[in-house]
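Chemist: I have a structure here, written as structure tokens, and I will follow up with some questions on it.
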Amino acid sequence: MKIGCPTEIKPQEFRVGLTPNAAQEAIGHGHSVIVQSGAGAGAGFEDEAYRAVGAEIAGSAEEVFEAAEMIVKVKEPQAGERKMLREGQLLFTYLHLAPDPEQTRDLMASGCTAIAYETVTDGKGGLPLLAPMSEVAGKLAPQVGAWTLQKANGGRGVLMGGVPGVGPAKVAVIGGGVVGIHAARVAAGMGADVTVLDRSLPRMRYLDDVFGGSFKTMFASAGNTEEIAREADMVIGAVLIPGAAAPKLISRAQLSEMKPGAALVDVAIDQGGCFETSKATTHADPIYEVDGIMHYCVANMPGAVARTSTIALGNATMPFLLALADKGWKQACAEDENLLNGLNVHGGKLTYAAVGEALGIDVEDAKGLVGA
């Protein structure tokens, strides 16, 4: 199979879909790799590193899309990229279709087969291709939140860890999954007073057993969420419903009850955001204010640490990438139900139920497409 990796064109996206190591593995399996010139530069991988393992370097994205049978990316294809997709071509990347009807329609119209990193599962019900970026985003969230809290950026002017005689910032983390755990650990490590809210009692017991000395837990009822948000200097939204739009956990009306200059960090913005007032921002212009509350809603947070993120993502995607290339998407998905769960679009049909429900589009049974 000919595997193509174009340069990411989403604003301030410095990651790359294929590392030189991944390219070397694919070539070792008998496949060929074509990489757009400069695609890896933002993550510290120069063209020569790809050439050294046998990859071809293309001068433009058009060359990559035209030549490749499988396109490997990081972020969802932008409008211009979607026009280059064709029937029968395989796309392997993050998609986040539930809040993005335009992308969904374009992918269906292209006739391509699109497998989304964020809905591939593992045998334990986890999301192995989302997890590494969730870990990165979770660790970044308190850092960017602390920056947002600085007075020069419109925040309350509160130091995360306080100083002797002055209490620390109060941080609420909504969601106790991968993002939430890493966010809470870093925020607590910075000296903040941290509370994690979740609706799963077994999850809260686990968090309390493992991290009880570092942060508190609270059941995420509507009343508790409102109460904690009123007291918080920073709220980190870390909720996830796989493949579906994120639930709105803090309304605009609630902002007036929060402390002026408090920071909302929405890690769920890729799935539409978990605060009613959230809208996607970029690393170039990351924060905005609504009713006196500062919002940090960068849609590709891990892109800020592109090298770490690219290597972590490459480690996770490589086994699935090789399975798709070695066997073809249909056989690979038929043999691996976890990979089949990543199938979102095929041949003009939507194949992921949560996306169909969010967008009001009929869904084709993915198992029927592969004979599983």
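Each chain of the structure tokens is named A, B, ... in the order shown, its residues numbered from 1; ligands are numbered from 1 in display order.
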With a distance cut-off of 8 Å and only C-alpha atoms, select the neighbouring residues of region 345-350 of chain A, excluding the residue or stretch itself and same-chain residues fewer than 5 positions from it, and output the selection as a PyMOL selection string.

Modeler: chain A and resi 87-88+107-115+356+361-364

Chemist: Considering only alpha helix (DSSP H) as DSSP defines it on the backbone, what residues of region 119-270 of chain A qualify? List them as an mmCIF file with C-alpha atoms, in the first residue's frame.

Modeler:
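Listing of selection28.cif after writing:
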```cif
data_model
loop_
_atom_site.group_PDB
_atom_site.id
_atom_site.type_symbol
_atom_site.label_atom_id
_atom_site.label_comp_id
_atom_site.auth_asym_id
_atom_site.auth_seq_id
_atom_site.Cartn_x
_atom_site.Cartn_y
_atom_site.Cartn_z
ATOM 1 C CA ALA A 131 -5.486 8.443 25.366
ATOM 2 C CA PRO A 132 -1.994 9.791 24.601
ATOM 3 C CA MET A 133 -3.352 13.147 23.460
ATOM 4 C CA SER A 134 -5.740 13.199 26.422
ATOM 5 C CA GLU A 135 -2.734 12.711 28.685
ATOM 6 C CA VAL A 136 -0.931 15.607 27.010
ATOM 7 C CA ALA A 137 -3.981 17.888 27.039
ATOM 8 C CA GLY A 138 -4.705 17.035 30.660
ATOM 9 C CA LYS A 139 -1.176 17.944 31.726
ATOM 10 C CA LEU A 140 -1.281 21.152 29.685
ATOM 11 C CA ALA A 141 -4.671 22.304 30.998
ATOM 12 C CA PRO A 142 -3.494 23.576 34.413
ATOM 13 C CA GLN A 143 -0.458 25.230 32.791
ATOM 14 C CA VAL A 144 -2.528 27.191 30.293
ATOM 15 C CA GLY A 145 -5.171 27.833 32.932
ATOM 16 C CA ALA A 146 -2.547 29.298 35.249
ATOM 17 C CA TRP A 147 -1.410 31.574 32.426
ATOM 18 C CA THR A 148 -5.016 32.592 31.743
ATOM 19 C CA LEU A 149 -5.458 33.465 35.426
ATOM 20 C CA VAL A 178 -7.668 10.297 31.388
ATOM 21 C CA VAL A 179 -7.751 14.073 30.874
ATOM 22 C CA GLY A 180 -9.146 14.695 34.339
ATOM 23 C CA ILE A 181 -6.602 12.547 36.178
ATOM 24 C CA HIS A 182 -3.638 14.204 34.486
ATOM 25 C CA ALA A 183 -5.100 17.679 34.908
ATOM 26 C CA ALA A 184 -5.780 17.087 38.602
ATOM 27 C CA ARG A 185 -2.316 15.650 39.235
ATOM 28 C CA VAL A 186 -0.564 18.602 37.609
ATOM 29 C CA ALA A 187 -2.826 21.193 39.252
ATOM 30 C CA ALA A 188 -2.271 19.563 42.641
ATOM 31 C CA GLY A 189 1.459 19.429 41.931
ATOM 32 C CA LEU A 201 -18.901 6.032 41.977
ATOM 33 C CA PRO A 202 -16.387 3.267 41.133
ATOM 34 C CA ARG A 203 -14.247 5.861 39.358
ATOM 35 C CA MET A 204 -14.350 8.198 42.337
ATOM 36 C CA ARG A 205 -13.416 5.345 44.671
ATOM 37 C CA TYR A 206 -10.448 4.586 42.430
ATOM 38 C CA LEU A 207 -9.363 8.231 42.372
ATOM 39 C CA ASP A 208 -9.734 8.503 46.117
ATOM 40 C CA ASP A 209 -7.773 5.284 46.740
ATOM 41 C CA VAL A 210 -4.918 6.214 44.407
ATOM 42 C CA PHE A 211 -4.795 10.014 44.690
ATOM 43 C CA ALA A 222 -25.914 19.589 38.642
ATOM 44 C CA GLY A 223 -26.104 21.167 42.089
ATOM 45 C CA ASN A 224 -22.569 20.163 43.088
ATOM 46 C CA THR A 225 -21.189 21.356 39.744
ATOM 47 C CA GLU A 226 -22.852 24.756 40.165
ATOM 48 C CA GLU A 227 -21.575 25.076 43.740
ATOM 49 C CA ILE A 228 -17.984 24.146 42.877
ATOM 50 C CA ALA A 229 -17.978 26.416 39.810
ATOM 51 C CA ARG A 230 -19.054 29.392 41.961
ATOM 52 C CA GLU A 231 -16.116 28.842 44.300
ATOM 53 C CA ARG A 252 -23.982 31.198 30.289
ATOM 54 C CA ALA A 253 -26.328 32.129 33.124
ATOM 55 C CA GLN A 254 -23.967 30.469 35.599
ATOM 56 C CA LEU A 255 -21.055 32.691 34.536
#
```

Chemist: So that I can see what lies close to Leu343 (chain A), please list as a list in words the residues with an atom at most 10 Å from it, counting only C-alpha atoms and leaving out residues fewer than 6 positions away in the same chain.

Modeler: Leu91, Phe92, Thr113, Ala114, Ile115, Ala116, Tyr117, Thr119, Val120, Trp329, Cys333, Leu350, Thr351, Tyr352, Ala366 and Lys367 of chain A

Chemist: Find the residue from A:Leu130, A:Ala43, A:Ala26, A:Cys5 that sits nearest to Val64 (chain A); use only C-alpha atoms when measuring.

Modeler: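 For Val64 (chain A), the nearest of the candidates is A:Cys5.
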
Chemist: Write out as a ChimeraX atom specification which residues come within 10 Å of Ala306 (chain A) when counting only C-alpha atoms, dropping same-chain ones fewer than 2 positions away.

Modeler: /A:12-16,40-44,301-304,308-312

Chemist: Per residue of region 252-361 of chain A within 12 Å of region 153-157 of chain A, note the shortest atom pair and the distance in Å to one decimal, counting only C-alpha atoms, and order the rows by chain and increasing residue number, as a tab-separated table.

Modeler:
```
residue	atom	partner	partner_atom	distance
A:Met258	CA	A:Arg156	CA	11.3
A:Lys259	CA	A:Arg156	CA	8.1
A:Pro260	CA	A:Arg156	CA	6.7
A:Gly261	CA	A:Gly155	CA	4.2
A:Ala262	CA	A:Arg156	CA	5.9
A:Ala263	CA	A:Gly155	CA	6.7
A:Leu264	CA	A:Gly155	CA	10.3
A:Asp285	CA	A:Asn153	CA	11.4
A:Pro286	CA	A:Asn153	CA	10.5
A:Ile287	CA	A:Asn153	CA	8.3
A:Tyr288	CA	A:Gly154	CA	8.7
A:Glu289	CA	A:Gly154	CA	7.9
A:Val290	CA	A:Gly154	CA	11.0
A:Asp291	CA	A:Gly154	CA	11.8
A:Gly292	CA	A:Gly154	CA	8.5
A:Ile293	CA	A:Gly155	CA	7.8
A:Met294	CA	A:Gly155	CA	6.4
A:His295	CA	A:Gly155	CA	9.7
A:Tyr296	CA	A:Asn153	CA	10.9
```

Chemist: Would you work out the distance separating CA of Ala245 (chain A) from CA of Glu357 (chain A), expressed in Å to one decimal?

Modeler: 9.6 Å

Chemist: Looking at A:Pro99, A:Gly371, A:Gly123, A:Gly191, which one is nearest to Ala354 (chain A), with distances taken over only C-alpha atoms?

Modeler: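 Using only C-alpha atoms, the shortest distance to Ala354 (chain A) belongs to A:Pro99.
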
Chemist: Calculate how many Å separate CA of Asn344 (chain A) from CA of Leu240 (chain A), rounding to one decimal.

Modeler: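 Spanning CA of Asn344 (chain A) to CA of Leu240 (chain A) is a straight-line distance of 17.4 Å.
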